[in-house]
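As provided, protein-v7.cif (mmCIF, C-alpha atoms and all ligand atoms) reads as follows.
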data_run
#
loop_
_atom_site.label_atom_id
_atom_site.label_comp_id
_atom_site.auth_asym_id
_atom_site.auth_seq_id
_atom_site.Cartn_x
_atom_site.Cartn_y
_atom_site.Cartn_z
CA MET A 2 66.04 -91.35 118.34
CA THR A 3 68.73 -93.64 116.95
CA ASP A 4 68.25 -95.67 113.78
CA ASP A 5 69.88 -99.08 114.34
CA SER A 6 69.72 -100.01 110.64
CA ARG A 7 72.33 -97.39 109.76
CA PRO A 8 75.89 -98.72 109.32
CA ALA A 9 78.16 -97.73 112.19
CA PRO A 10 80.48 -94.87 111.21
CA PRO A 11 84.00 -96.11 110.52
CA ARG A 12 86.43 -95.95 113.40
CA ASP A 13 89.79 -94.64 112.43
CA ARG A 14 92.52 -97.26 112.63
CA THR A 15 94.11 -96.78 109.24
CA ALA A 16 96.49 -98.98 107.24
CA ALA A 17 98.12 -98.33 103.88
CA VAL A 18 98.71 -101.04 101.28
CA ILE A 19 101.45 -100.12 98.80
CA PRO A 20 101.51 -102.28 95.66
CA ALA A 21 105.17 -102.23 94.62
CA ALA A 22 105.39 -105.47 92.65
CA GLY A 23 105.30 -104.13 89.08
CA ARG A 24 108.17 -104.60 86.63
CA GLY A 25 107.93 -101.04 85.30
CA VAL A 26 108.46 -102.06 81.68
CA ARG A 27 107.61 -98.57 80.35
CA LEU A 28 110.48 -97.13 82.39
CA GLY A 29 113.00 -99.14 80.37
CA PRO A 30 115.29 -102.02 81.36
CA GLY A 31 116.54 -102.32 84.93
CA ALA A 32 115.37 -103.23 88.42
CA PRO A 33 111.64 -103.45 89.24
CA LYS A 34 110.28 -99.89 89.16
CA ALA A 35 109.62 -99.56 92.89
CA LEU A 36 113.24 -100.48 93.68
CA ARG A 37 114.74 -97.82 91.42
CA THR A 38 116.15 -94.89 93.29
CA LEU A 39 115.19 -91.24 93.43
CA ASN A 40 117.72 -89.03 95.16
CA GLY A 41 119.51 -92.22 96.25
CA MET A 42 116.50 -93.83 97.93
CA PRO A 43 114.24 -96.57 96.46
CA MET A 44 110.97 -95.26 95.08
CA PHE A 45 108.85 -97.49 97.35
CA ILE A 46 110.64 -96.10 100.42
CA HIS A 47 109.64 -92.57 99.37
CA ALA A 48 106.04 -93.83 99.00
CA ALA A 49 106.08 -95.69 102.34
CA ARG A 50 107.53 -92.62 104.04
CA ALA A 51 104.85 -90.36 102.49
CA LEU A 52 102.06 -92.57 103.88
CA ALA A 53 103.70 -93.15 107.27
CA ALA A 54 104.07 -89.37 107.61
CA SER A 55 100.33 -89.20 108.26
CA ARG A 56 99.67 -89.45 111.99
CA SER A 57 96.58 -91.52 111.23
CA VAL A 58 98.44 -94.36 109.49
CA THR A 59 99.39 -97.10 111.97
CA LEU A 60 100.48 -99.82 109.52
CA VAL A 61 102.08 -99.81 106.06
CA VAL A 62 101.95 -103.07 104.07
CA VAL A 63 104.42 -103.07 101.17
CA VAL A 64 103.59 -105.61 98.44
CA ALA A 65 106.99 -106.62 97.05
CA PRO A 66 107.92 -108.15 93.70
CA PRO A 67 107.18 -111.92 94.04
CA ASP A 68 110.90 -112.79 94.35
CA GLY A 69 111.90 -109.52 96.06
CA ALA A 70 110.36 -109.66 99.54
CA PRO A 71 113.67 -110.23 101.41
CA GLU A 72 115.31 -107.31 99.59
CA VAL A 73 112.32 -105.02 100.27
CA LYS A 74 112.36 -106.03 103.96
CA SER A 75 116.04 -105.26 104.30
CA LEU A 76 115.68 -101.90 102.51
CA LEU A 77 112.82 -100.97 104.86
CA ASP A 78 114.99 -101.89 107.84
CA THR A 79 117.81 -99.74 106.50
CA TYR A 80 115.75 -96.67 105.74
CA ALA A 81 113.29 -96.99 108.64
CA LEU A 82 116.06 -96.67 111.21
CA PRO A 83 115.77 -93.22 112.79
CA ALA A 84 119.54 -92.83 112.34
CA ASN A 85 118.97 -93.01 108.60
CA ALA A 86 116.02 -90.66 108.53
CA PRO A 87 116.85 -88.05 111.14
CA GLY A 88 113.89 -85.90 112.03
CA GLU A 89 111.84 -87.07 109.09
CA GLY A 90 108.23 -88.04 109.44
CA TRP A 91 108.01 -91.79 109.88
CA GLY A 92 105.31 -91.32 112.48
CA SER A 93 104.87 -94.45 114.53
CA ALA A 94 103.68 -96.80 111.80
CA ASP A 95 104.57 -100.48 111.69
CA PHE A 96 105.72 -102.07 108.43
CA LEU A 97 104.90 -105.43 106.86
CA VAL A 98 106.13 -106.92 103.58
CA VAL A 99 104.20 -109.50 101.52
CA PRO A 100 105.02 -110.93 98.08
CA GLY A 101 102.91 -109.60 95.17
CA GLY A 102 101.12 -111.21 92.25
CA ASP A 103 101.00 -111.14 88.45
CA ASN A 104 98.99 -107.92 88.20
CA ARG A 105 98.14 -104.96 90.41
CA GLN A 106 94.72 -106.28 91.46
CA GLU A 107 96.28 -109.55 92.65
CA SER A 108 99.04 -107.65 94.47
CA VAL A 109 96.52 -105.44 96.28
CA ARG A 110 94.45 -108.50 97.23
CA ARG A 111 97.54 -110.08 98.83
CA GLY A 112 98.19 -106.87 100.76
CA LEU A 113 94.60 -106.82 102.01
CA GLU A 114 94.90 -110.43 103.22
CA ALA A 115 97.79 -109.37 105.46
CA LEU A 116 95.76 -106.71 107.34
CA PRO A 117 95.03 -107.35 111.01
CA GLN A 118 91.38 -107.40 112.11
CA ASP A 119 91.48 -104.07 113.95
CA ILE A 120 91.98 -101.95 110.82
CA ASP A 121 88.92 -99.88 109.82
CA ILE A 122 90.19 -97.69 106.98
CA VAL A 123 92.46 -98.87 104.16
CA LEU A 124 94.47 -96.68 101.81
CA VAL A 125 95.82 -98.21 98.61
CA HIS A 126 98.78 -96.27 97.24
CA ASP A 127 100.97 -96.95 94.19
CA ALA A 128 104.67 -97.21 95.01
CA ALA A 129 105.00 -95.49 91.64
CA ARG A 130 103.61 -92.25 93.20
CA PRO A 131 106.51 -91.62 95.57
CA LEU A 132 106.02 -87.89 96.11
CA VAL A 133 102.40 -87.61 97.27
CA PRO A 134 102.20 -84.86 99.93
CA VAL A 135 100.92 -85.83 103.38
CA GLU A 136 98.15 -83.22 103.02
CA THR A 137 96.64 -85.31 100.21
CA VAL A 138 96.90 -88.49 102.32
CA ASP A 139 95.14 -86.74 105.22
CA ALA A 140 92.43 -85.30 102.96
CA VAL A 141 91.58 -88.81 101.72
CA ILE A 142 91.51 -90.24 105.25
CA GLY A 143 89.38 -87.32 106.43
CA ALA A 144 86.74 -87.94 103.75
CA VAL A 145 86.52 -91.67 104.63
CA ARG A 146 86.21 -90.77 108.31
CA ALA A 147 83.41 -88.38 107.37
CA GLY A 148 81.47 -91.36 106.01
CA ALA A 149 82.40 -91.90 102.34
CA PRO A 150 83.02 -95.61 101.62
CA ALA A 151 85.48 -94.82 98.80
CA VAL A 152 87.55 -91.69 98.24
CA VAL A 153 89.85 -90.86 95.33
CA PRO A 154 92.19 -87.89 94.87
CA ALA A 155 91.82 -86.50 91.37
CA LEU A 156 92.79 -83.57 89.14
CA PRO A 157 91.22 -81.93 86.10
CA LEU A 158 92.85 -82.84 82.79
CA ALA A 159 95.17 -80.59 80.83
CA ASP A 160 94.73 -82.55 77.60
CA THR A 161 91.53 -83.17 75.70
CA VAL A 162 90.78 -86.92 75.59
CA LYS A 163 89.55 -88.91 72.57
CA GLU A 164 87.81 -92.27 72.72
CA ILE A 165 88.95 -94.55 69.90
CA ALA A 166 87.88 -97.81 68.31
CA PRO A 167 90.47 -100.58 68.03
CA ALA A 168 92.42 -100.51 64.74
CA ALA A 169 94.60 -103.08 62.99
CA PRO A 170 98.28 -102.76 64.02
CA GLY A 171 99.88 -99.88 62.08
CA ASP A 172 96.53 -98.39 60.94
CA PRO A 173 95.44 -94.93 62.18
CA GLU A 174 92.98 -95.23 65.07
CA PRO A 175 89.44 -93.99 64.34
CA VAL A 176 88.02 -91.51 66.87
CA VAL A 177 84.52 -92.39 68.09
CA ALA A 178 83.93 -89.68 70.73
CA THR A 179 85.35 -86.61 72.46
CA PRO A 180 84.12 -86.55 76.09
CA GLU A 181 83.60 -83.08 77.55
CA ARG A 182 86.94 -82.33 79.22
CA ALA A 183 85.44 -80.30 82.06
CA ARG A 184 83.64 -83.46 83.30
CA LEU A 185 86.73 -85.68 83.27
CA ARG A 186 89.24 -86.21 86.08
CA ALA A 187 92.60 -87.98 86.22
CA VAL A 188 92.65 -90.14 89.34
CA GLN A 189 95.60 -90.64 91.65
CA THR A 190 96.36 -92.53 94.84
CA PRO A 191 96.15 -93.01 97.79
CA GLN A 192 92.58 -94.14 97.34
CA GLY A 193 90.86 -94.54 100.70
CA PHE A 194 88.18 -97.04 101.68
CA ASP A 195 86.04 -98.26 104.46
CA ARG A 196 87.77 -101.62 104.92
CA ALA A 197 84.66 -103.82 104.61
CA THR A 198 83.64 -102.12 101.35
CA LEU A 199 87.08 -102.62 99.78
CA LEU A 200 87.23 -106.28 100.84
CA ARG A 201 83.77 -106.89 99.35
CA ALA A 202 84.83 -105.12 96.13
CA HIS A 203 87.89 -107.34 95.73
CA GLU A 204 85.95 -110.52 96.63
CA ASN A 205 83.40 -109.69 93.92
CA ALA A 206 85.95 -108.93 91.20
CA PRO A 207 87.40 -111.91 89.35
CA VAL A 208 90.91 -111.18 88.10
CA ASP A 209 90.78 -111.38 84.31
CA GLY A 210 93.57 -110.41 81.94
CA GLU A 211 95.45 -107.39 83.26
CA GLY A 212 93.10 -107.12 86.25
CA ALA A 213 91.77 -103.84 87.62
CA THR A 214 94.17 -100.89 87.61
CA ASP A 215 91.98 -98.88 89.97
CA ASP A 216 90.47 -100.09 93.27
CA ALA A 217 87.73 -97.45 93.29
CA GLY A 218 86.50 -98.91 90.00
CA LEU A 219 85.85 -102.20 91.80
CA VAL A 220 83.76 -100.35 94.41
CA GLU A 221 81.80 -98.66 91.60
CA ARG A 222 80.95 -102.12 90.27
CA LEU A 223 79.29 -102.88 93.63
CA GLY A 224 77.05 -99.85 93.10
CA GLU A 225 78.57 -98.07 96.11
CA PRO A 226 79.29 -94.34 95.90
CA VAL A 227 82.83 -93.16 95.15
CA VAL A 228 83.73 -89.51 95.75
CA LEU A 229 86.68 -87.36 94.71
CA VAL A 230 88.83 -84.98 96.73
CA PRO A 231 91.42 -82.66 95.17
CA GLY A 232 94.59 -84.48 94.11
CA HIS A 233 98.05 -82.92 93.91
CA GLU A 234 100.38 -82.34 90.98
CA GLU A 235 103.25 -83.92 92.95
CA ALA A 236 101.27 -87.17 93.30
CA PHE A 237 101.97 -88.00 89.64
CA LYS A 238 102.84 -91.57 88.68
CA VAL A 239 106.41 -92.34 87.67
CA THR A 240 105.84 -94.31 84.48
CA ARG A 241 108.23 -93.18 81.74
CA PRO A 242 111.89 -92.03 81.84
CA LEU A 243 110.90 -88.34 81.75
CA ASP A 244 108.90 -88.84 84.96
CA LEU A 245 112.16 -89.73 86.76
CA VAL A 246 113.60 -86.37 85.71
CA LEU A 247 110.51 -84.59 87.00
CA ALA A 248 110.59 -86.52 90.30
CA GLU A 249 114.25 -85.62 90.89
CA ALA A 250 113.40 -81.97 90.14
CA VAL A 251 110.54 -82.00 92.67
CA LEU A 252 112.87 -83.47 95.31
CA ALA A 253 115.52 -80.84 94.53
CA ARG A 254 112.89 -78.10 94.93
CA ARG A 255 111.80 -79.57 98.27
CA ARG A 256 115.40 -79.65 99.48
CA VAL A 257 115.76 -75.96 98.68
CA ASN A 258 112.34 -74.97 100.06
CA ASP A 259 112.15 -76.99 103.26
CA GLY A 260 115.51 -78.61 103.77
CA TYR A 261 113.85 -82.02 103.01
O1 LIG B 301 102.09 -100.51 86.07
P1 LIG B 301 101.50 -99.40 86.86
O2 LIG B 301 102.36 -98.19 86.92
O3 LIG B 301 100.08 -99.11 86.55
O4 LIG B 301 101.49 -99.96 88.37
C1 LIG B 301 100.87 -99.24 89.41
C2 LIG B 301 101.36 -99.81 90.73
O5 LIG B 301 100.97 -101.17 90.86
C3 LIG B 301 102.88 -99.76 90.86
O6 LIG B 301 103.22 -99.24 92.14
C4 LIG B 301 103.30 -101.21 90.68
O7 LIG B 301 104.48 -101.56 91.41
C5 LIG B 301 102.08 -101.95 91.22
N1 LIG B 301 101.96 -103.32 90.67
C6 LIG B 301 101.98 -104.40 91.55
N2 LIG B 301 101.92 -105.70 91.07
C7 LIG B 301 101.88 -105.92 89.74
C8 LIG B 301 101.84 -104.82 88.82
C9 LIG B 301 101.87 -103.52 89.33
O8 LIG B 301 102.08 -104.23 92.77
N3 LIG B 301 101.89 -107.18 89.32
#
Render the structure in this file as structure tokens.
Amino acid sequence: MTDDSRPAPPRDRTAAVIPAAGRGVRLGPGAPKALRTLNGMPMFIHAARALAASRSVTLVVVVAPPDGAPEVKSLLDTYALPANAPGEGWGSADFLVVPGGDNRQESVRRGLEALPQDIDIVLVHDAARPLVPVETVDAVIGAVRAGAPAVVPALPLADTVKEIAPAAPGDPEPVVATPERARLRAVQTPQGFDRATLLRAHENAPVDGEGATDDAGLVERLGEPVVLVPGHEEAFKVTRPLDLVLAEAVLARRRVNDGY
């Protein structure tokens, strides 16, 4: 007997939204972070390529710096040409560019507004995580297809984490708690969602201050379940100058190992 009150399982047309509108202040002066190059190619192109490499992803929406949409479009045209990416996995995804907002939450919202109606599953992926392996992308999509409304790749922590209370500038920060490390996870992207759940989460979340830095957190606020799948050490976020060194080293290792 069928139970008609159950939500229909998600179909599988999948789009990726890539917020790439941040300034990247912690990386030091220069171009917006997503436009800086790794191995000669802009970081957001690496990220777009990583998502488009999944056979399931049919559309990639890049959210550009507010004044940078024409430049992002022309870079996508340059690097998306097969002649410029011989044999590399662009799959058959289409690309769209929209201008971003003042914070990540606003940028993601603008990306979501650009999605066509026939998309069922949405991935949100930081342009600042250019080296995520396609296996991680597919694991996230697979868990959403299996019925989870929100899926996050995550890794155990190497460092112990302290919770602090705010202190006056220059004063030492008082520690208020030490959460049990074994129960903590560092979360990455792409985060994957049943489209309707993610839209509801964004509609219900007013943007205040810095806005949300994590889409799954908005789904948690709805009271909907969020589950984790294993993340990957190469899906780290390029934030500080040392991360650029690490990213170049990962790319060099890939070139040696698989002729990437
Ligand atoms: O600053 P942070 O590294 O946390 O940014 C995470 C991602 O969100 C980056 O890919 C960045 O480009 C994006 N972002 C955005 N719009 C903003 C701020 C950040 O798309 N206004």
Protein and nucleic acid residues within 6 Å of ligand LIG 301 (chain B) (only C-alpha atoms and all ligand atoms) as a PyMOL selection string
chain A and resi 20-23+25+35+101-105+108+127-129+240
Distance atom CA of Leu223 of chain A-atom CA of Glu107 of chain A, one decimal place?
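Atom CA of Glu107 of chain A lies at a distance of 18.3 Å from atom CA of Leu223 of chain A.
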Please define a box with edges along x, y and z of the file around all atoms of segment 113-117 of chain A given in the file, extend it by 5 Å on each side, and return its centre and edge lengths in Å to one decimal, as JSON.
{"center_x": 96.2, "center_y": -108.6, "center_z": 106.5, "size_x": 13.2, "size_y": 13.7, "size_z": 19.0}
In Å, rounded to a single decimal, give me how far atom CA of Pro134 of chain A is from atom CA of Ala250 of chain A.
15.2 Å
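Minimum atom-to-atom distance to Ala155 of chain A, evaluated using all atoms listed in the file, belongs to A:Glu234 out of A:Asp259, A:Glu234, A:Glu114, A:Glu136.
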Kindly extract all protein, DNA and RNA residues lying within 10 Å of the coordinates (108.0, -89.0, 85.0) given in the file, considering all atoms listed in the file, and supply them as a list of chain:residue names.
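Checked against the point, the hits come out as A:Leu28, A:Ala129, A:Arg130, A:Phe237, A:Lys238, A:Val239, A:Thr240, A:Arg241, A:Pro242, A:Leu243, A:Asp244, A:Leu245, A:Val246, A:Leu247, A:Ala248, A:Glu249.
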Limited to C-alpha atoms, could you put the picked residues into a file as a CSV table (one decimal), keeping the file's coordinate frame?
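The resulting file, selection.csv, is reproduced below:
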chain,number,residue,atom,x,y,z
A,28,LEU,CA,110.5,-97.1,82.4
A,129,ALA,CA,105.0,-95.5,91.6
A,130,ARG,CA,103.6,-92.2,93.2
A,237,PHE,CA,102.0,-88.0,89.6
A,238,LYS,CA,102.8,-91.6,88.7
A,239,VAL,CA,106.4,-92.3,87.7
A,240,THR,CA,105.8,-94.3,84.5
A,241,ARG,CA,108.2,-93.2,81.7
A,242,PRO,CA,111.9,-92.0,81.8
A,243,LEU,CA,110.9,-88.3,81.8
A,244,ASP,CA,108.9,-88.8,85.0
A,245,LEU,CA,112.2,-89.7,86.8
A,246,VAL,CA,113.6,-86.4,85.7
A,247,LEU,CA,110.5,-84.6,87.0
A,248,ALA,CA,110.6,-86.5,90.3
A,249,GLU,CA,114.2,-85.6,90.9
Hey, can you check how far atom CA of Val227 of chain A sits from atom CA of Ala166 of chain A?
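So the two atoms, atom CA of Val227 of chain A and atom CA of Ala166 of chain A, lie 27.7 Å apart.
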Spatial neighbours of Asp216 of chain A, 9 Å, all atoms listed in the file, chain gap at least 4 places, as a PyMOL selection string
chain A and resi 106+109+125+192+199+202-203+220-221
Between A:Val230, A:Leu36, A:Lys74, A:Arg256, which is the closest to Asp139 of chain A once you count only C-alpha atoms?
A:Val230
Between A:Ala53, A:Ala213, A:Leu77, A:Val162, smallest distance to Val98 of chain A by all atoms listed in the file belongs to A:Leu77
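Polymer residues near (93.3, -107.2, 108.6): counting only C-alpha atoms with a cut-off of 12 Å, they are Arg14, Thr15, Ala16, Ala17, Val18, Leu60, Val61, Val62, Leu97, Arg110, Arg111, Gly112, Leu113, Glu114, Ala115, Leu116, Pro117, Gln118, Asp119, Ile120, Asp121, Ile122, Val123, Arg196, Ala197, Leu199 and Leu200 of chain A.
Summary of the local environment: counting all atoms listed in the file, residues at most 12 Å from Arg56 of chain A, other than itself and those fewer than 5 positions away along its chain, are A:Asp13, A:Arg14, A:Thr15, A:Ala16, A:Arg50, A:Ala51, A:Gly90, A:Trp91, A:Gly92, A:Ser93, A:Ala94, A:Val135, A:Glu136, A:Val138, A:Asp139, A:Ile142, A:Gly143.
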For Val99 of chain A: contacts at 7 Å, only C-alpha atoms, fewer than 6 positions along chain excluded, given as a ChimeraX atom specification
/A:63-65,70,112
So, counting all atoms listed in the file, which residue among A:Leu132, A:Ala151, A:Val228, A:Leu219 is closest to Asn205 of chain A?
A:Leu219
Identify which of the residues A:Gly148, A:His47, A:Thr59, A:Asp68 lies closest to Pro33 of chain A, counting only C-alpha atoms when measuring atom-to-atom distances.
A:Asp68
Take segment 215-228 of chain A from the block and save it with N, CA, C and O atoms, as a compact mmCIF listing (two decimals), in the first residue's frame.
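Writing the result to selection.txt gives the following:
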# COMPACT_ATOMS: atom_id res chain seq x y z
N ASP A 215 27.08 29.20 6.48
CA ASP A 215 26.90 27.78 6.27
C ASP A 215 25.42 27.52 5.97
O ASP A 215 24.55 27.80 6.79
N ASP A 216 25.12 27.02 4.76
CA ASP A 216 23.72 26.83 4.37
C ASP A 216 23.04 25.75 5.19
O ASP A 216 21.86 25.85 5.50
N ALA A 217 23.78 24.69 5.54
CA ALA A 217 23.17 23.62 6.33
C ALA A 217 22.67 24.16 7.67
O ALA A 217 21.65 23.69 8.19
N GLY A 218 23.35 25.16 8.21
CA GLY A 218 22.92 25.76 9.47
C GLY A 218 21.53 26.37 9.34
O GLY A 218 20.73 26.34 10.29
N LEU A 219 21.22 26.91 8.17
CA LEU A 219 19.88 27.49 7.95
C LEU A 219 18.82 26.39 7.92
O LEU A 219 17.70 26.58 8.38
N VAL A 220 19.19 25.22 7.38
CA VAL A 220 18.25 24.08 7.36
C VAL A 220 18.04 23.57 8.79
O VAL A 220 16.92 23.24 9.19
N GLU A 221 19.12 23.55 9.60
CA GLU A 221 18.98 23.14 11.00
C GLU A 221 17.96 24.02 11.71
O GLU A 221 17.16 23.55 12.51
N ARG A 222 18.01 25.33 11.41
CA ARG A 222 17.07 26.25 12.06
C ARG A 222 15.62 25.92 11.74
O ARG A 222 14.72 26.27 12.50
N LEU A 223 15.37 25.27 10.60
CA LEU A 223 14.01 24.85 10.25
C LEU A 223 13.59 23.63 11.04
O LEU A 223 12.43 23.23 11.01
N GLY A 224 14.57 22.98 11.71
CA GLY A 224 14.27 21.74 12.42
C GLY A 224 14.36 20.51 11.52
O GLY A 224 13.97 19.42 11.92
N GLU A 225 14.88 20.70 10.30
CA GLU A 225 15.02 19.56 9.38
C GLU A 225 16.35 18.86 9.65
O GLU A 225 17.33 19.50 10.04
N PRO A 226 16.40 17.54 9.40
CA PRO A 226 17.65 16.82 9.66
C PRO A 226 18.76 17.18 8.67
O PRO A 226 18.50 17.39 7.48
N VAL A 227 19.96 17.25 9.18
CA VAL A 227 21.16 17.47 8.35
C VAL A 227 22.09 16.30 8.65
O VAL A 227 22.30 15.97 9.82
N VAL A 228 22.62 15.65 7.61
CA VAL A 228 23.53 14.53 7.86
C VAL A 228 24.90 14.80 7.22
O VAL A 228 25.02 15.60 6.29
